[in-house]
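Source file protein_15.cif; content: mmCIF, C-alpha atoms.
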data_upload
loop_
_atom_site.label_atom_id
_atom_site.label_comp_id
_atom_site.auth_asym_id
_atom_site.auth_seq_id
_atom_site.Cartn_x
_atom_site.Cartn_y
_atom_site.Cartn_z
CA MET A 188 0.00 0.00 0.00
CA GLY A 189 1.44 3.38 -1.00
CA LYS A 190 1.13 6.81 0.57
CA VAL A 191 -2.08 8.62 -0.38
CA LEU A 192 -1.38 12.20 -1.48
CA TYR A 193 -3.53 15.13 -2.57
CA HIS A 194 -2.71 18.05 -4.84
CA GLY A 195 -4.98 21.08 -4.90
CA SER A 196 -5.28 22.76 -8.30
CA ASP A 197 -7.68 24.69 -10.50
CA HIS A 198 -7.57 21.78 -12.96
CA ILE A 199 -7.35 17.98 -13.04
CA ILE A 200 -3.81 16.58 -13.24
CA GLU A 201 -3.84 12.92 -14.20
CA ARG A 202 -0.14 12.70 -15.04
CA PRO A 203 2.22 14.93 -13.04
CA GLU A 204 5.26 15.80 -15.18
CA TYR A 205 8.86 15.77 -13.99
CA GLY A 206 10.69 19.07 -14.45
CA LYS A 207 7.60 21.25 -14.18
CA GLY A 208 6.92 23.77 -11.44
CA MET A 209 8.50 27.06 -10.44
CA ARG A 210 12.17 27.32 -9.50
CA THR A 211 11.18 29.84 -6.80
CA ASN A 212 8.88 27.49 -4.87
CA ASP A 213 9.90 26.53 -1.32
CA TYR A 214 11.99 23.55 -2.42
CA GLY A 215 12.49 24.49 -6.06
CA LYS A 216 10.89 22.63 -8.95
CA GLY A 217 8.74 19.65 -8.03
CA PHE A 218 5.21 18.38 -7.54
CA TYR A 219 3.81 19.69 -4.24
CA CYS A 220 1.28 17.56 -2.37
CA THR A 221 -0.20 17.05 1.08
CA GLU A 222 -1.53 14.10 3.03
CA ASN A 223 -4.42 16.27 4.26
CA LEU A 224 -7.42 16.31 1.93
CA GLU A 225 -8.97 19.39 3.52
CA LEU A 226 -5.78 21.40 3.06
CA ALA A 227 -5.56 20.31 -0.56
CA LYS A 228 -9.09 21.59 -1.07
CA GLU A 229 -8.13 24.96 0.40
CA TRP A 230 -5.06 25.17 -1.84
CA ALA A 231 -7.23 24.29 -4.85
CA CYS A 232 -9.18 27.53 -4.32
CA ALA A 233 -6.22 29.82 -3.68
CA LYS A 234 -7.25 32.06 -6.59
CA GLN A 235 -10.85 32.21 -5.35
CA THR A 236 -12.05 29.93 -8.15
CA ASP A 237 -13.44 26.39 -8.03
CA GLY A 238 -10.85 23.66 -8.26
CA TYR A 239 -10.00 20.03 -7.71
CA ALA A 240 -8.32 17.94 -5.04
CA ASN A 241 -6.39 15.49 -7.20
CA ILE A 242 -5.85 12.15 -5.47
CA TYR A 243 -2.76 9.97 -5.93
CA GLU A 244 -1.04 6.95 -4.50
CA LEU A 245 2.75 7.07 -4.20
CA ASP A 246 4.74 3.83 -3.97
CA MET A 247 7.46 4.80 -1.47
CA GLU A 248 9.46 1.57 -1.69
CA GLY A 249 13.07 2.28 -2.59
CA LEU A 250 12.67 6.06 -2.64
CA GLU A 251 15.08 8.30 -0.75
CA VAL A 252 13.04 10.57 1.54
CA LEU A 253 14.25 13.70 3.36
CA ASN A 254 11.95 14.71 6.23
CA LEU A 255 12.96 18.18 7.37
CA ASN A 256 10.59 17.95 10.36
CA ALA A 257 12.36 14.92 11.82
CA PRO A 258 15.73 14.59 13.59
CA PRO A 259 18.52 15.39 12.96
CA TYR A 260 17.12 18.36 11.03
CA HIS A 261 15.74 21.58 12.47
CA ILE A 262 13.93 24.70 11.36
CA LEU A 263 17.09 26.47 10.18
CA ASN A 264 17.62 23.76 7.55
CA TRP A 265 14.16 24.58 6.22
CA LEU A 266 14.92 28.31 6.32
CA ALA A 267 18.17 27.80 4.41
CA LEU A 268 16.24 26.12 1.60
CA LEU A 269 13.81 29.05 1.53
CA ALA A 270 16.77 31.43 1.37
CA GLU A 271 18.15 29.45 -1.55
CA ASN A 272 14.92 29.23 -3.55
CA ARG A 273 12.62 32.12 -2.66
CA THR A 274 13.46 35.36 -4.47
CA TYR A 275 11.63 37.93 -2.32
CA TRP A 276 13.01 38.78 1.12
CA GLN A 277 12.88 41.89 3.25
CA ASN A 278 15.53 44.51 2.57
CA GLY A 279 18.08 45.46 5.18
CA SER A 280 21.64 44.56 6.04
CA ILE A 281 20.77 42.11 8.84
CA ALA A 282 18.30 40.22 6.68
CA GLN A 283 20.76 39.99 3.79
CA GLU A 284 23.62 38.83 6.02
CA ALA A 285 21.34 36.39 7.80
CA LYS A 286 20.12 34.90 4.54
CA GLN A 287 23.70 34.32 3.42
CA TYR A 288 24.67 32.84 6.80
CA LEU A 289 21.73 30.43 6.70
CA LYS A 290 22.77 29.18 3.27
CA GLU A 291 26.43 28.83 4.26
CA GLN A 292 25.81 26.97 7.53
CA PHE A 293 22.48 25.15 7.24
CA LEU A 294 21.74 24.45 3.58
CA ILE A 295 21.23 20.74 2.89
CA ASP A 296 22.16 19.12 -0.40
CA ILE A 297 18.79 17.77 -1.55
CA SER A 298 19.99 16.52 -4.94
CA GLY A 299 20.13 12.87 -3.81
CA TYR A 300 16.55 12.71 -2.54
CA ASP A 301 13.44 11.62 -4.40
CA VAL A 302 10.88 13.05 -1.96
CA LEU A 303 11.02 15.97 0.49
CA ILE A 304 8.73 16.49 3.48
CA GLY A 305 8.56 19.81 5.30
CA TYR A 306 6.66 22.97 6.12
CA ARG A 307 4.73 24.87 3.47
CA ALA A 308 5.62 28.57 3.46
CA ASP A 309 2.52 30.26 2.11
CA ASP A 310 2.17 34.04 2.50
CA SER A 311 1.55 34.10 6.25
CA TYR A 312 4.21 31.57 7.16
CA PHE A 313 6.80 33.12 4.88
CA SER A 314 6.22 36.43 6.66
CA PHE A 315 6.90 34.70 9.99
CA ALA A 316 10.19 33.38 8.58
CA GLN A 317 11.12 36.86 7.36
CA ASP A 318 10.50 38.29 10.82
CA PHE A 319 13.05 35.86 12.24
CA VAL A 320 15.62 36.60 9.53
CA SER A 321 15.24 40.35 10.10
CA GLY A 322 15.74 39.90 13.85
CA ALA A 323 12.18 40.70 14.95
CA ILE A 324 11.46 37.35 16.66
CA SER A 325 13.48 34.57 18.28
CA LEU A 326 14.06 31.08 16.98
CA GLN A 327 11.77 29.76 19.71
CA LYS A 328 8.92 32.06 18.64
CA LEU A 329 9.40 31.11 15.01
CA SER A 330 9.14 27.42 15.93
CA THR A 331 5.87 28.16 17.73
CA ALA A 332 4.56 30.27 14.85
CA MET A 333 5.13 27.52 12.28
CA ARG A 334 2.61 25.34 14.11
CA LEU A 335 -0.11 28.00 14.15
CA GLY A 336 -3.15 27.45 11.96
CA LYS A 337 -2.28 23.76 11.60
CA LEU A 338 -0.97 24.30 8.10
CA GLY A 339 0.56 20.85 8.07
CA GLU A 340 3.35 19.39 5.98
CA GLN A 341 3.82 19.21 2.27
CA VAL A 342 5.24 16.26 0.39
CA VAL A 343 7.28 17.20 -2.68
CA LEU A 344 8.25 14.86 -5.51
CA LYS A 345 11.68 15.86 -6.83
CA SER A 346 13.10 13.03 -8.95
CA CYS A 347 12.22 11.02 -12.04
CA SER A 348 11.99 7.94 -9.81
CA ALA A 349 9.35 9.59 -7.64
CA PHE A 350 7.32 10.69 -10.65
CA ASP A 351 7.44 7.14 -12.00
CA ARG A 352 5.92 5.88 -8.73
CA ILE A 353 2.93 8.21 -8.45
CA HIS A 354 -0.42 7.01 -9.78
CA TYR A 355 -3.57 9.05 -10.30
CA VAL A 356 -6.59 7.72 -8.38
CA GLY A 357 -9.23 10.36 -9.03
CA ASN A 358 -10.33 13.79 -7.83
CA GLU A 359 -12.84 15.62 -5.72
CA PRO A 360 -14.34 18.88 -7.07
CA VAL A 361 -13.91 21.81 -4.70
CA ASP A 362 -16.31 24.71 -4.21
CA ALA A 363 -14.42 27.99 -3.85
CA GLY A 364 -17.36 29.53 -2.04
CA GLU A 365 -16.67 27.20 0.87
CA TYR A 366 -12.96 26.44 0.76
CA TYR A 367 -11.55 29.85 -0.10
CA GLN A 368 -13.26 31.15 3.02
CA ARG A 369 -11.80 28.27 5.03
CA LYS A 370 -8.34 29.12 3.74
CA MET A 371 -8.72 32.80 4.63
CA GLN A 372 -10.08 31.95 8.07
CA ARG A 373 -7.14 29.62 8.75
CA GLU A 374 -4.67 32.32 7.78
CA LYS A 375 -6.54 34.96 9.79
CA GLU A 376 -6.44 32.75 12.88
CA ALA A 377 -2.76 31.99 12.39
CA ARG A 378 -1.92 35.69 12.06
CA ARG A 379 -4.00 36.54 15.15
CA GLU A 380 -2.23 33.91 17.23
CA TYR A 381 1.12 35.03 15.80
CA ARG A 382 0.57 38.65 16.86
CA SER A 383 -0.18 37.39 20.36
CA THR A 384 2.96 35.24 20.38
CA LYS A 385 5.10 38.07 19.02
CA LYS A 386 4.02 40.40 21.84
CA ARG A 387 5.11 38.04 24.57
CA THR A 388 8.28 38.98 26.40
CA SER A 389 11.34 37.14 25.16
CA TYR A 390 13.40 35.19 27.69
CA LEU A 391 17.15 35.67 28.04
CA ASP A 392 17.86 32.17 26.74
CA GLU A 393 15.92 32.67 23.50
CA LEU A 394 18.06 32.78 20.36
CA PHE A 395 17.80 35.54 17.78
CA ILE A 396 19.46 35.41 14.37
CA ILE A 397 22.11 37.89 15.50
CA ASP A 398 23.03 35.56 18.40
CA ILE A 399 23.35 32.61 16.04
CA MET A 400 25.57 34.61 13.68
CA ARG A 401 27.77 36.21 16.36
CA GLU A 402 28.45 32.89 18.04
CA GLY A 403 29.08 31.16 14.74
CA MET A 404 26.55 28.43 15.44
CA GLN A 405 26.64 25.55 13.02
CA ASN A 406 24.29 22.77 12.03
CA ASP A 407 25.18 20.40 14.88
CA ASP A 408 24.79 22.95 17.70
CA PRO A 409 22.41 21.38 20.31
CA ARG A 410 20.93 24.82 21.12
CA LEU A 411 19.21 24.83 17.74
CA ARG A 412 17.17 21.68 18.36
#

What is this structure when it is put down as structure tokens?
Amino acid sequence: MGKVLYHGSDHIIERPEYGKGMRTNDYGKGFYCTENLELAKEWACAKQTDGYANIYELDMEGLEVLNLNAPPYHILNWLALLAENRTYWQNGSIAQEAKQYLKEQFLIDISGYDVLIGYRADDSYFSFAQDFVSGAISLQKLSTAMRLGKLGEQVVLKSCSAFDRIHYVGNEPVDAGEYYQRKMQREKEARREYRSTKKRTSYLDELFIIDIMREGMQNDDPRLR
């Protein structure tokens, strides 16, 4: 039995194609899915139009999988990939230096993996990441923020082998009138909770990006776990 995956889109995709997708997505080119049907339905209506939750089964046997949300990886590995792939970041010397430091110290070589699992940085969650990189919030607050709204994980197919193992099962039509509102409500709730988290007093042992850079922290530093 394979892993059941869902891909929200404004059209039916019976045969995902290797090499398609935007270079500037979270993890670069690939086919982005979720194991959560309800989230896929929300993503299908991102443009406020009706869509489809495409359903697939992925045969995982023999595939190399990188799960960024499991040990030994941590949130800075995910951020380094965003810094590598996303083109828009806040301006400012700290943010620019931090972005470069993240790539130099925490960027993982993903070229040998068939499937990636990790956070999905939509608009709200990318803004949380930018706040950390600009020095506005601590690493601890960023870790809390990434769990707000229960956005869940995304599963990304990256290799020819992975694309050869995915099989279309069917689809469920999605009504934008219902699911676009659900998406907006989820983001609204996440932003509300984030503002509350951001206002809380930071403790002396919390790590900010400037602390990480000044102390030259590297990938195996236990304080980053």

Need to verify the contact set: segment 368-383 of chain A, 12 Å, all atoms listed in the file, exclusion of same-chain residues closer than 3 positions in sequence. Can you return it as a PyMOL selection string?
chain A and resi 225-236+308-316+318+323-324+328-339+361-365+386-388

Here's the selection I'm unsure about, the PyMOL selection byres ((chain A and resi 284) around 10); applied to the file above, which residues does it give, as a PDB file with C-alpha atoms, in the coordinates of the input?
ATOM      1  CA  GLY A 279      18.080  45.460   5.180  1.00  0.00           C
ATOM      2  CA  SER A 280      21.640  44.560   6.040  1.00  0.00           C
ATOM      3  CA  ILE A 281      20.770  42.110   8.840  1.00  0.00           C
ATOM      4  CA  ALA A 282      18.300  40.220   6.680  1.00  0.00           C
ATOM      5  CA  GLN A 283      20.760  39.990   3.790  1.00  0.00           C
ATOM      6  CA  ALA A 285      21.340  36.390   7.800  1.00  0.00           C
ATOM      7  CA  LYS A 286      20.120  34.900   4.540  1.00  0.00           C
ATOM      8  CA  GLN A 287      23.700  34.320   3.420  1.00  0.00           C
ATOM      9  CA  TYR A 288      24.670  32.840   6.800  1.00  0.00           C
ATOM     10  CA  LEU A 289      21.730  30.430   6.700  1.00  0.00           C
ATOM     11  CA  VAL A 320      15.620  36.600   9.530  1.00  0.00           C
ATOM     12  CA  SER A 321      15.240  40.350  10.100  1.00  0.00           C
ATOM     13  CA  ILE A 396      19.460  35.410  14.370  1.00  0.00           C
ATOM     14  CA  ILE A 397      22.110  37.890  15.500  1.00  0.00           C
ATOM     15  CA  MET A 400      25.570  34.610  13.680  1.00  0.00           C
TER      16      MET A 400
END

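Of the listed residues A:Tyr366, A:Tyr355, A:Tyr306, A:Tyr260, the one whose atoms come nearest to Asp237 of chain A is A:Tyr366, with distances taken using only C-alpha atoms.
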
Could you state the separation of atom CA of Glu201 of chain A and atom CA of Ile353 of chain A in Å, given to one decimal place?
10.1 Å

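The two atoms in question, atom CA of Met404 of chain A and atom CA of Val342 of chain A, are spaced 28.8 Å apart.
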
When you look at Glu222 of chain A with a cut-off of 8 Å (counting all atoms listed in the file), what residues show up, excluding the ones that are within fewer than 4 positions of it in the same chain? I need them as a VMD selection string.
chain A and resid 191 to 193 340 to 342

Running the PyMOL selection byres ((chain A and resi 190) around 8) on this model by hand, what would come out? Give it as a CSV table (one decimal) with C-alpha atoms, keeping the file's coordinate frame.
chain,number,residue,atom,x,y,z
A,188,MET,CA,0.0,0.0,0.0
A,189,GLY,CA,1.4,3.4,-1.0
A,191,VAL,CA,-2.1,8.6,-0.4
A,192,LEU,CA,-1.4,12.2,-1.5
A,244,GLU,CA,-1.0,7.0,-4.5
A,245,LEU,CA,2.8,7.1,-4.2
A,246,ASP,CA,4.7,3.8,-4.0
A,247,MET,CA,7.5,4.8,-1.5

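A straight line drawn from atom CA of Gly217 of chain A to atom CA of Gln317 of chain A is 23.2 Å long.
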
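If all atoms listed in the file are the atoms counted, then among A:Thr274, A:Gln292, A:Asn212, A:Thr384 the closest residue to Gly403 of chain A is A:Gln292.
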
Closest of A:Asn358, A:Ser325, A:Asn406, A:Ser348 to Asp392 of chain A - atom-to-atom distances counting only C-alpha atoms:
A:Ser325

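Between Ala257 of chain A and the residues A:Met209, A:Cys347, A:Ile304, A:Cys220, the shortest atom-to-atom distance, using all atoms listed in the file, involves A:Ile304.
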
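Taking only C-alpha atoms into account, Gln405 of chain A lies nearest to A:Lys290 out of the set A:Lys385, A:Lys290, A:His354, A:Arg307.
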
List as a short mmCIF file (atom, residue, chain, number, x, y, z; two decimals) with C-alpha atoms, keeping the file's coordinate frame the residues having at least one atom at most 12 Å from position (10.2, 30.7, -7.6) as given in the file, counting all atoms listed in the file.
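For reference, part_37.cif as written:
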data_model
loop_
_atom_site.label_atom_id
_atom_site.label_comp_id
_atom_site.auth_asym_id
_atom_site.auth_seq_id
_atom_site.Cartn_x
_atom_site.Cartn_y
_atom_site.Cartn_z
CA LYS A 207 7.60 21.25 -14.18
CA GLY A 208 6.92 23.77 -11.44
CA MET A 209 8.50 27.06 -10.44
CA ARG A 210 12.17 27.32 -9.50
CA THR A 211 11.18 29.84 -6.80
CA ASN A 212 8.88 27.49 -4.87
CA ASP A 213 9.90 26.53 -1.32
CA TYR A 214 11.99 23.55 -2.42
CA GLY A 215 12.49 24.49 -6.06
CA LYS A 216 10.89 22.63 -8.95
CA GLY A 217 8.74 19.65 -8.03
CA LEU A 268 16.24 26.12 1.60
CA LEU A 269 13.81 29.05 1.53
CA ALA A 270 16.77 31.43 1.37
CA GLU A 271 18.15 29.45 -1.55
CA ASN A 272 14.92 29.23 -3.55
CA ARG A 273 12.62 32.12 -2.66
CA THR A 274 13.46 35.36 -4.47
CA TYR A 275 11.63 37.93 -2.32
#

Within 12 Å of (20.2, 15.8, -6.8) (file coordinates; all atoms listed in the file), which protein or nucleic acid residues are there? I'd like them as an NGL selection string.
:A and (215-216 or 251 or 253 or 295-303 or 345-348)

Could you turn the residues from that selection into a file that holds C-alpha atoms, as a PDB file, in the frame of the given file?
ATOM      1  CA  GLY A 215      12.490  24.490  -6.060  1.00  0.00           C
ATOM      2  CA  LYS A 216      10.890  22.630  -8.950  1.00  0.00           C
ATOM      3  CA  GLU A 251      15.080   8.300  -0.750  1.00  0.00           C
ATOM      4  CA  LEU A 253      14.250  13.700   3.360  1.00  0.00           C
ATOM      5  CA  ILE A 295      21.230  20.740   2.890  1.00  0.00           C
ATOM      6  CA  ASP A 296      22.160  19.120  -0.400  1.00  0.00           C
ATOM      7  CA  ILE A 297      18.790  17.770  -1.550  1.00  0.00           C
ATOM      8  CA  SER A 298      19.990  16.520  -4.940  1.00  0.00           C
ATOM      9  CA  GLY A 299      20.130  12.870  -3.810  1.00  0.00           C
ATOM     10  CA  TYR A 300      16.550  12.710  -2.540  1.00  0.00           C
ATOM     11  CA  ASP A 301      13.440  11.620  -4.400  1.00  0.00           C
ATOM     12  CA  VAL A 302      10.880  13.050  -1.960  1.00  0.00           C
ATOM     13  CA  LEU A 303      11.020  15.970   0.490  1.00  0.00           C
ATOM     14  CA  LYS A 345      11.680  15.860  -6.830  1.00  0.00           C
ATOM     15  CA  SER A 346      13.100  13.030  -8.950  1.00  0.00           C
ATOM     16  CA  CYS A 347      12.220  11.020 -12.040  1.00  0.00           C
ATOM     17  CA  SER A 348      11.990   7.940  -9.810  1.00  0.00           C
TER      18      SER A 348
END

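Distances here use only C-alpha atoms; by that measure, the residue among A:Arg202, A:Arg401, A:His261, A:Arg412 closest to Arg352 of chain A is A:Arg202.
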